[in-house]
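Here is coords.cif, consisting of mmCIF, C-alpha atoms and all ligand atoms:
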data_run
#
loop_
_atom_site.label_atom_id
_atom_site.label_comp_id
_atom_site.auth_asym_id
_atom_site.auth_seq_id
_atom_site.Cartn_x
_atom_site.Cartn_y
_atom_site.Cartn_z
CA MET A 227 43.72 -21.63 57.38
CA GLY A 228 43.59 -18.25 55.74
CA ILE A 229 44.48 -19.76 52.41
CA ILE A 230 41.26 -18.41 50.88
CA GLY A 231 40.97 -14.64 50.47
CA THR A 232 40.39 -11.71 48.17
CA ASP A 233 43.80 -10.01 48.33
CA ILE A 234 44.73 -9.47 44.68
CA LYS A 235 48.06 -7.79 45.58
CA LYS A 236 49.07 -10.80 47.63
CA ALA A 237 48.13 -13.12 44.75
CA ALA A 238 50.21 -11.03 42.32
CA LYS A 239 53.22 -11.14 44.65
CA ILE A 240 53.01 -14.92 45.07
CA LEU A 241 52.76 -15.41 41.30
CA SER A 242 55.71 -13.08 40.69
CA GLU A 243 57.78 -15.18 43.09
CA GLY A 244 56.93 -18.40 41.26
CA GLY A 245 54.09 -19.59 43.50
CA LEU A 246 50.72 -21.09 42.60
CA VAL A 247 47.43 -19.24 43.08
CA ALA A 248 43.95 -20.56 42.38
CA ILE A 249 41.95 -17.95 40.47
CA PRO A 250 38.24 -17.49 39.82
CA THR A 251 36.97 -17.28 36.26
CA GLU A 252 33.46 -17.21 34.83
CA THR A 253 33.86 -20.86 33.73
CA VAL A 254 35.66 -22.75 36.53
CA TYR A 255 38.48 -22.01 39.00
CA GLY A 256 41.96 -22.25 37.53
CA LEU A 257 45.30 -23.11 39.14
CA ALA A 258 47.52 -20.28 37.96
CA ALA A 259 51.27 -19.78 37.53
CA ASN A 260 53.52 -17.34 35.70
CA ALA A 261 53.53 -18.68 32.14
CA PHE A 262 57.15 -17.56 31.70
CA ASN A 263 58.46 -19.33 34.84
CA GLU A 264 59.43 -22.95 33.99
CA GLU A 265 59.59 -24.12 37.59
CA ALA A 266 56.17 -22.72 38.38
CA VAL A 267 54.72 -24.35 35.25
CA THR A 268 56.28 -27.66 36.24
CA ALA A 269 54.78 -27.33 39.72
CA ILE A 270 51.29 -27.08 38.23
CA PHE A 271 51.62 -30.47 36.56
CA LYS A 272 52.90 -31.96 39.83
CA VAL A 273 50.19 -30.52 42.05
CA LYS A 274 47.40 -31.61 39.70
CA ASN A 275 49.02 -34.98 39.06
CA ARG A 276 48.56 -34.05 35.42
CA PRO A 277 50.42 -35.99 32.73
CA SER A 278 53.01 -33.89 30.94
CA PHE A 279 51.30 -34.56 27.57
CA ASP A 280 48.26 -32.46 28.51
CA PRO A 281 48.98 -28.82 27.54
CA LEU A 282 47.88 -25.71 29.45
CA ILE A 283 45.80 -22.68 28.45
CA THR A 284 47.61 -19.32 28.60
CA HIS A 285 45.37 -16.63 30.11
CA ILE A 286 45.94 -13.13 28.81
CA THR A 287 44.33 -9.67 28.90
CA LYS A 288 43.17 -7.24 26.25
CA GLY A 289 46.53 -5.47 26.54
CA THR A 290 48.59 -8.60 25.80
CA LYS A 291 50.29 -8.53 22.41
CA LEU A 292 48.88 -11.81 21.13
CA ASN A 293 50.97 -11.57 17.97
CA GLU A 294 54.11 -11.99 20.10
CA LEU A 295 52.79 -15.29 21.47
CA ALA A 296 51.00 -16.64 18.38
CA SER A 297 52.84 -16.78 15.05
CA GLU A 298 49.65 -16.60 13.00
CA ILE A 299 46.15 -15.34 13.76
CA PRO A 300 43.76 -16.37 10.96
CA GLU A 301 40.98 -13.96 10.03
CA LYS A 302 38.24 -16.19 11.47
CA ALA A 303 40.10 -16.44 14.77
CA LYS A 304 40.29 -12.64 14.91
CA ILE A 305 36.58 -12.33 14.26
CA LEU A 306 35.79 -14.84 17.01
CA LEU A 307 38.03 -13.34 19.67
CA GLU A 308 36.87 -9.82 18.93
CA LYS A 309 33.30 -10.94 19.46
CA TYR A 310 33.67 -13.27 22.45
CA TRP A 311 36.71 -12.13 24.49
CA PRO A 312 36.65 -11.75 27.41
CA GLY A 313 34.56 -14.89 27.70
CA PRO A 314 34.31 -18.68 27.77
CA LEU A 315 36.25 -19.16 24.53
CA THR A 316 39.75 -20.64 24.15
CA ILE A 317 41.55 -20.35 20.82
CA VAL A 318 44.38 -22.63 19.71
CA LEU A 319 46.93 -20.97 17.43
CA PRO A 320 50.42 -21.74 16.11
CA LYS A 321 52.79 -20.51 18.82
CA THR A 322 55.97 -18.44 18.88
CA LYS A 323 59.10 -19.27 20.91
CA LYS A 324 57.89 -17.00 23.72
CA ILE A 325 55.53 -19.78 24.81
CA ASN A 326 57.54 -22.48 26.56
CA ASP A 327 57.32 -26.07 25.29
CA LEU A 328 56.44 -27.14 28.83
CA VAL A 329 53.21 -25.15 28.57
CA THR A 330 52.20 -26.79 25.28
CA SER A 331 53.52 -30.28 26.01
CA GLY A 332 55.83 -29.92 23.05
CA LEU A 333 53.07 -29.03 20.55
CA ASP A 334 53.79 -26.18 18.17
CA SER A 335 50.41 -24.65 18.95
CA ALA A 336 49.20 -22.93 22.11
CA ALA A 337 45.78 -22.26 23.67
CA PHE A 338 44.77 -18.71 24.68
CA ARG A 339 41.89 -17.19 26.56
CA ILE A 340 40.84 -13.87 28.14
CA PRO A 341 38.71 -14.83 31.14
CA ASN A 342 35.76 -12.69 32.15
CA HIS A 343 35.92 -12.20 35.90
CA PRO A 344 36.59 -8.86 37.62
CA ILE A 345 39.08 -10.21 40.19
CA THR A 346 41.13 -12.18 37.71
CA HIS A 347 40.93 -9.30 35.25
CA THR A 348 42.55 -7.01 37.85
CA LEU A 349 45.12 -9.68 38.69
CA LEU A 350 46.11 -10.20 35.05
CA GLU A 351 46.40 -6.43 34.57
CA SER A 352 48.70 -6.15 37.58
CA VAL A 353 51.36 -8.71 36.61
CA PRO A 354 53.79 -8.37 33.69
CA PHE A 355 53.28 -11.94 32.45
CA PRO A 356 50.40 -14.16 31.26
CA LEU A 357 49.07 -16.91 33.52
CA VAL A 358 48.85 -20.56 32.61
CA ALA A 359 45.88 -22.08 34.41
CA PRO A 360 44.35 -25.50 34.09
CA SER A 361 41.16 -26.18 36.02
CA ALA A 362 42.10 -26.33 39.73
CA ASN A 363 41.25 -30.00 40.32
CA PRO A 364 43.31 -33.18 40.50
CA PHE A 365 43.66 -34.77 37.03
CA THR A 366 40.49 -36.59 35.82
CA PHE A 367 38.30 -35.10 38.57
CA VAL A 368 35.38 -32.66 38.25
CA SER A 369 36.42 -28.99 37.91
CA PRO A 370 35.90 -26.62 40.89
CA THR A 371 33.29 -23.86 40.74
CA THR A 372 33.88 -22.37 44.21
CA ALA A 373 36.98 -21.44 46.22
CA GLN A 374 36.02 -24.06 48.80
CA HIS A 375 36.04 -26.80 46.15
CA VAL A 376 39.67 -25.88 45.42
CA ALA A 377 40.57 -25.84 49.12
CA ASP A 378 38.95 -29.26 49.62
CA GLN A 379 41.11 -30.91 46.98
CA LEU A 380 44.29 -28.87 46.54
CA GLY A 381 44.34 -26.82 49.75
CA ASN A 382 47.70 -28.12 50.95
CA ASN A 383 49.43 -27.61 47.63
CA VAL A 384 48.50 -24.09 46.57
CA ASP A 385 49.91 -20.91 48.06
CA TYR A 386 46.69 -18.91 47.92
CA ILE A 387 43.11 -19.19 46.67
CA LEU A 388 41.52 -16.00 45.36
CA ASP A 389 37.83 -16.12 46.19
CA GLY A 390 35.60 -14.78 43.44
CA GLY A 391 32.39 -16.49 44.49
CA SER A 392 30.56 -19.15 42.51
CA CYS A 393 31.47 -19.38 38.82
CA SER A 394 28.69 -17.85 36.75
CA ILE A 395 28.93 -20.33 33.86
CA GLY A 396 30.10 -23.45 35.68
CA LEU A 397 31.51 -25.33 32.66
CA GLU A 398 34.96 -24.97 31.09
CA SER A 399 35.56 -22.77 28.05
CA THR A 400 34.82 -23.94 24.52
CA ILE A 401 38.09 -24.69 22.69
CA VAL A 402 38.39 -23.82 19.00
CA SER A 403 41.52 -24.83 17.10
CA PHE A 404 42.90 -22.81 14.20
CA THR A 405 45.97 -24.95 13.53
CA THR A 406 44.64 -26.31 10.23
CA ASN A 407 42.82 -24.61 7.35
CA THR A 408 39.40 -25.48 8.74
CA PRO A 409 38.71 -24.48 12.34
CA LYS A 410 37.48 -27.20 14.71
CA ILE A 411 35.84 -27.29 18.11
CA LEU A 412 38.01 -29.51 20.33
CA ARG A 413 35.95 -29.08 23.51
CA LEU A 414 32.31 -28.10 23.91
CA GLY A 415 31.95 -25.60 26.73
CA GLY A 416 30.56 -22.33 28.00
CA LEU A 417 30.18 -20.78 24.54
CA GLY A 418 27.60 -22.58 22.42
CA ALA A 419 28.67 -24.01 19.05
CA GLU A 420 25.70 -22.15 17.55
CA GLU A 421 27.11 -18.81 18.75
CA ILE A 422 30.43 -19.62 17.09
CA GLU A 423 28.73 -20.61 13.82
CA GLN A 424 26.78 -17.36 13.85
CA VAL A 425 29.99 -15.42 13.30
CA ILE A 426 32.32 -17.74 11.37
CA GLY A 427 29.94 -20.19 9.68
CA PRO A 428 29.65 -23.99 9.99
CA ILE A 429 32.32 -25.58 12.17
CA LYS A 430 33.44 -29.16 12.70
CA ILE A 431 33.13 -30.57 16.20
CA GLN A 432 35.85 -33.06 16.97
CA THR A 433 35.82 -33.76 20.67
CA TYR A 434 36.29 -37.52 20.79
CA SER A 435 39.67 -38.83 19.86
CA SER A 436 40.68 -40.72 22.96
CA SER A 437 43.48 -42.73 21.30
CA ALA A 438 45.39 -39.72 19.99
CA PRO A 439 43.61 -36.81 21.57
CA GLU A 440 44.09 -33.42 19.96
CA ALA A 441 42.93 -31.79 23.17
CA PRO A 442 44.39 -34.40 25.49
CA GLY A 443 42.20 -33.18 28.34
CA MET A 444 39.32 -34.61 26.39
CA LEU A 445 40.16 -38.19 27.31
CA THR A 446 36.84 -39.88 28.00
CA SER A 447 37.84 -40.77 31.55
CA HIS A 448 37.60 -37.14 32.65
CA TYR A 449 35.12 -35.50 35.03
CA SER A 450 34.92 -38.38 37.46
CA PRO A 451 32.77 -37.50 40.48
CA GLY A 452 34.41 -40.35 42.42
CA LYS A 453 31.40 -42.70 42.30
CA PRO A 454 29.87 -44.77 39.49
CA LEU A 455 27.50 -42.68 37.38
CA LEU A 456 24.95 -43.77 34.79
CA VAL A 457 23.18 -41.55 32.24
CA GLY A 458 19.86 -42.54 30.68
CA ASN A 459 16.17 -42.85 31.44
CA ILE A 460 16.10 -42.38 35.21
CA GLU A 461 12.96 -44.50 35.86
CA GLN A 462 14.50 -47.36 33.91
CA LEU A 463 17.88 -46.97 35.63
CA ILE A 464 16.11 -47.13 39.01
CA GLU A 465 14.55 -50.47 37.99
CA GLU A 466 17.91 -51.83 36.90
CA ASN A 467 19.71 -50.77 40.09
CA LYS A 468 17.13 -51.62 42.76
CA GLU A 469 19.61 -53.39 45.04
CA LYS A 470 21.88 -50.33 45.25
CA LYS A 471 21.77 -47.10 47.26
CA ILE A 472 20.71 -44.68 44.56
CA GLY A 473 21.37 -40.94 44.24
CA ILE A 474 19.64 -39.03 41.44
CA ILE A 475 20.71 -35.88 39.61
CA SER A 476 17.76 -34.97 37.42
CA PHE A 477 17.25 -32.16 34.94
CA LYS A 478 13.91 -30.82 36.23
CA LYS A 479 11.84 -33.69 37.67
CA VAL A 480 11.81 -34.28 41.44
CA PHE A 481 12.32 -37.82 42.81
CA PRO A 482 11.11 -37.33 46.39
CA THR A 483 11.83 -40.82 47.72
CA TYR A 484 15.52 -40.70 46.77
CA ILE A 485 18.51 -38.55 47.58
CA ASN A 486 17.94 -36.18 44.69
CA ASP A 487 19.37 -32.97 43.29
CA VAL A 488 17.44 -31.15 40.56
CA LEU A 489 19.67 -29.15 38.21
CA THR A 490 17.05 -26.63 37.10
CA PRO A 491 13.41 -26.73 38.18
CA SER A 492 12.70 -24.04 35.56
CA GLU A 493 14.37 -25.95 32.68
CA ASN A 494 17.02 -23.28 32.22
CA LEU A 495 20.19 -24.70 30.64
CA ALA A 496 22.41 -21.91 32.00
CA GLU A 497 21.23 -22.74 35.52
CA ALA A 498 21.79 -26.46 34.90
CA ALA A 499 25.36 -25.72 33.76
CA GLN A 500 26.00 -23.58 36.84
CA ASN A 501 24.84 -26.39 39.12
CA LEU A 502 26.25 -29.46 37.39
CA PHE A 503 29.75 -29.78 38.91
CA LYS A 504 28.53 -28.63 42.32
CA SER A 505 25.83 -31.26 42.18
CA LEU A 506 28.25 -34.03 41.19
CA ARG A 507 30.53 -33.17 44.12
CA TRP A 508 27.65 -32.97 46.56
CA MET A 509 26.17 -36.27 45.42
CA ALA A 510 29.51 -38.07 45.62
CA ASN A 511 29.56 -37.17 49.34
CA GLN A 512 26.08 -38.56 50.03
CA PRO A 513 25.58 -42.12 51.31
CA VAL A 514 24.89 -43.53 47.83
CA ASP A 515 26.58 -46.32 45.81
CA ILE A 516 25.58 -45.08 42.40
CA ILE A 517 24.55 -41.79 40.76
CA LEU A 518 21.76 -41.84 38.15
CA THR A 519 21.44 -38.91 35.74
CA GLU A 520 19.76 -38.02 32.47
CA PHE A 521 20.68 -36.06 29.35
CA VAL A 522 19.44 -32.48 29.02
CA PRO A 523 18.12 -30.89 25.79
CA ASN A 524 21.01 -31.11 23.32
CA HIS A 525 21.49 -27.52 22.19
CA GLY A 526 23.53 -24.52 23.39
CA LEU A 527 25.02 -25.20 26.82
CA GLY A 528 23.07 -28.47 26.87
CA ARG A 529 25.58 -30.02 24.48
CA ALA A 530 28.45 -29.26 26.82
CA ILE A 531 26.46 -30.57 29.80
CA ASN A 532 25.71 -33.84 27.97
CA ASP A 533 29.37 -34.12 26.96
CA ARG A 534 30.44 -33.86 30.64
CA LEU A 535 27.80 -36.41 31.69
CA ILE A 536 29.08 -38.93 29.14
CA ARG A 537 32.64 -38.44 30.35
CA ALA A 538 31.62 -38.62 34.02
CA SER A 539 29.89 -41.93 33.29
CA SER A 540 32.83 -43.61 31.60
CA LYS A 541 34.97 -45.88 33.74
O1 LIG B 1 37.48 -22.68 31.24
C1 LIG B 1 38.63 -23.06 31.12
O2 LIG B 1 39.17 -23.24 30.01
C2 LIG B 1 39.42 -23.33 32.39
C3 LIG B 1 39.66 -21.98 33.09
C4 LIG B 1 40.51 -22.11 34.33
O3 LIG B 1 40.22 -21.08 32.17
N1 LIG B 1 40.64 -24.00 32.15
C5 LIG B 1 40.66 -25.32 31.76
O4 LIG B 1 41.95 -25.83 31.62
O5 LIG B 1 39.67 -26.00 31.59
P1 LIG B 1 42.27 -27.38 31.51
O6 LIG B 1 43.75 -27.45 31.56
O7 LIG B 1 41.52 -28.13 32.52
O8 LIG B 1 41.81 -27.75 30.07
C6 LIG B 1 42.54 -27.23 28.99
C7 LIG B 1 42.33 -28.02 27.76
C8 LIG B 1 42.92 -29.40 27.82
O9 LIG B 1 41.96 -30.32 27.36
C9 LIG B 1 44.09 -29.32 26.86
O10 LIG B 1 44.33 -30.53 26.25
C10 LIG B 1 43.60 -28.28 25.87
O11 LIG B 1 42.96 -27.34 26.68
N2 LIG B 1 44.72 -27.62 25.19
C11 LIG B 1 45.64 -26.79 25.71
N3 LIG B 1 46.55 -26.44 24.78
C12 LIG B 1 46.20 -27.05 23.64
C13 LIG B 1 46.73 -27.09 22.32
N4 LIG B 1 47.86 -26.43 22.00
N5 LIG B 1 46.09 -27.85 21.39
C14 LIG B 1 44.97 -28.50 21.71
N6 LIG B 1 44.42 -28.52 22.96
C15 LIG B 1 45.02 -27.80 23.91
MG MG B 2 40.47 -29.60 33.41
#

Would you write the structure of this file as structure tokens?
Ligand code: TXA
Ligand code: MG
Amino acid sequence: MGIIGTDIKKAAKILSEGGLVAIPTETVYGLAANAFNEEAVTAIFKVKNRPSFDPLITHITKGTKLNELASEIPEKAKILLEKYWPGPLTIVLPKTKKINDLVTSGLDSAAFRIPNHPITHTLLESVPFPLVAPSANPFTFVSPTTAQHVADQLGNNVDYILDGGSCSIGLESTIVSFTTNTPKILRLGGLGAEEIEQVIGPIKIQTYSSSAPEAPGMLTSHYSPGKPLLVGNIEQLIEENKEKKIGIISFKKVFPTYINDVLTPSENLAEAAQNLFKSLRWMANQPVDIILTEFVPNHGLGRAINDRLIRASSK
């Protein structure tokens, strides 16, 4: 269909005219619009079927004057962004009026990130506005990590998909909020909590508040692969689900008599993260009734992987 390509100038033109372009980042693909164009921002919510209470991340570049968009940048936030931008880190700060209420779902804070991908870097440098970009998937579904994933699900509703290959991290950014005196992690993601603590000291992790979510995208029903998924001891889960057609996504062990995808034969958490969403999509398209998975070692990227598995398993 020609909707996938690598023409950055074309993408910039579409965005300038209020269109929607899917963009590659190191975490996952985003569905981008001009952050200063209300109609384009509204279109993002429509295309994703995203509830209006779930705010968007504003993607900026090194050259963006963050102090025009955020009314306050605490010292610890500065330290973090200087160390980890561009990268898989999103920072929530009190916002100024320049950020539209549509973007933040009426909150008086806004989320910011400088993504680390050469194509999107060039794109952001070539337009005179920041880009709001949620993950380029329908609401509650697994995030896309290739251009084809985006085309499969949103192909008819986006104007262009910039192809930047497979996402190198494969999990969304880690979100850190600085709206209160003590910073908090609202979403575990591509930057390990340990790496954050190394530079700003101990930090609270508050990722489960499904009744009144502070990061509304963290509702437990997120990351659905489209089929029932169970997390636990795989051998035991096999016993308990004998009558069903089983698909297995394992960390490192091979299950040769089943439809099986191994996340990382070499027990490398970065590789497991890269493969996770791809694997969930692939498995959901296999002739299986149920997907069995297991937790991975719970440190670094492993914590974000386990977080996504729990959410993918909730009904
Ligand atoms: O890696 C990523 O962050 C990707 C790429 C495309 O940059 N984007 C992404 O966006 O994952 P999205 O919309 O799928 O998730 C954004 C999350 C949501 O959970 C939302 O609730 C939270 O960010 N968020 C946005 N603004 C917020 C705010 N002002 N306060 C708290 N949470 C906020
Ligand atoms: Mg998302």

- Item | Who sits within 12 Å of Ser492 (chain A), all atoms listed in the file, same chain under 5 positions skipped, as a list of chain:residue names |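 Selected residues are A:Phe477, A:Lys478, A:Lys479, A:Val480, A:Glu497, A:Ala498.
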
Could you dump the residues just selected with C-alpha atoms as a PDB file, in the coordinates of the input?
ATOM      1  CA  PHE A 477      17.250 -32.160  34.940  1.00  0.00           C
ATOM      2  CA  LYS A 478      13.910 -30.820  36.230  1.00  0.00           C
ATOM      3  CA  LYS A 479      11.840 -33.690  37.670  1.00  0.00           C
ATOM      4  CA  VAL A 480      11.810 -34.280  41.440  1.00  0.00           C
ATOM      5  CA  GLU A 497      21.230 -22.740  35.520  1.00  0.00           C
ATOM      6  CA  ALA A 498      21.790 -26.460  34.900  1.00  0.00           C
TER       7      ALA A 498
END

- [ ] Would you list the contacts of Asn524 (chain A) as a ChimeraX atom specification, taking every protein, DNA or RNA residue within 10 Å and counting all atoms listed in the file, but skipping same-chain residues closer than 6 positions in sequence?
- [x] /A:495,530-533

Proximity check chain A to ligand MG 2 (chain B), 7 Å, nearest pairs one decimal Å, only C-alpha atoms and all ligand atoms, as CSV:
residue,atom,partner,partner_atom,distance
A:Pro360,CA,B:MG2,MG,5.7
A:Ser361,CA,B:MG2,MG,4.4
A:Asn363,CA,B:MG2,MG,7.0
A:Ser369,CA,B:MG2,MG,6.1
A:Gly443,CA,B:MG2,MG,6.4

**OP:** For atom O1 of ligand LIG 1 (chain B) and CA of Gly473 (chain A), determine how far apart the two atoms are, in Å to one decimal place.
**Re:**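 Taking atom O1 of ligand LIG 1 (chain B) and CA of Gly473 (chain A), their separation equals 27.6 Å.
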
Check: If you count all atoms listed in the file, which residues end up within 8 Å of ligand LIG 1 (chain B), as a ChimeraX atom specification?
Finding: /A:249-257,280-283,285,314-316,318-320,329-331,333-339,341,359-362,369,397-401,403,412-413,415-416,439-444

Which residues come within 8 Å of Val273 (chain A), counting only C-alpha atoms, excluding same-chain residues fewer than 6 positions away, as a compact mmCIF listing (two decimals) with C-alpha atoms, in the coordinates of the input?
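So result-v3.txt came out as:
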# COMPACT_ATOMS: atom_id res chain seq x y z
CA PRO A 364 43.31 -33.18 40.50
CA LEU A 380 44.29 -28.87 46.54
CA ASN A 383 49.43 -27.61 47.63

For Ser539 (chain A), the closest of A:Ala496, A:Leu328, A:Leu455, A:Ile270 counting only C-alpha atoms is A:Leu455

Worksheet item: How many Å separate CA of Gly231 (chain A) from CA of Gln512 (chain A)?
Response: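 Taking CA of Gly231 (chain A) and CA of Gln512 (chain A), their separation equals 28.2 Å.
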
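Separating CA of Phe503 (chain A) from CA of Cys393 (chain A) is a distance of 10.5 Å.
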
Show me, as a list in words, the residues that have an atom within 10 Å of Ala269 (chain A) when counting only C-alpha atoms, minus same-chain residues fewer than 5 positions from it.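 My list of contacting residues is Gly244, Gly245, Leu246, Ala259, Glu264, Lys274, Asn275, Asn383 and Val384 of chain A.
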
Query raised in the report: Pick from A:Leu307, A:Ile286, A:Ala377, A:Ile229: nearest to Thr348 (chain A), with all atoms listed in the file counted?
Result: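 Closest to Thr348 (chain A), using all atoms listed in the file: A:Ile286.
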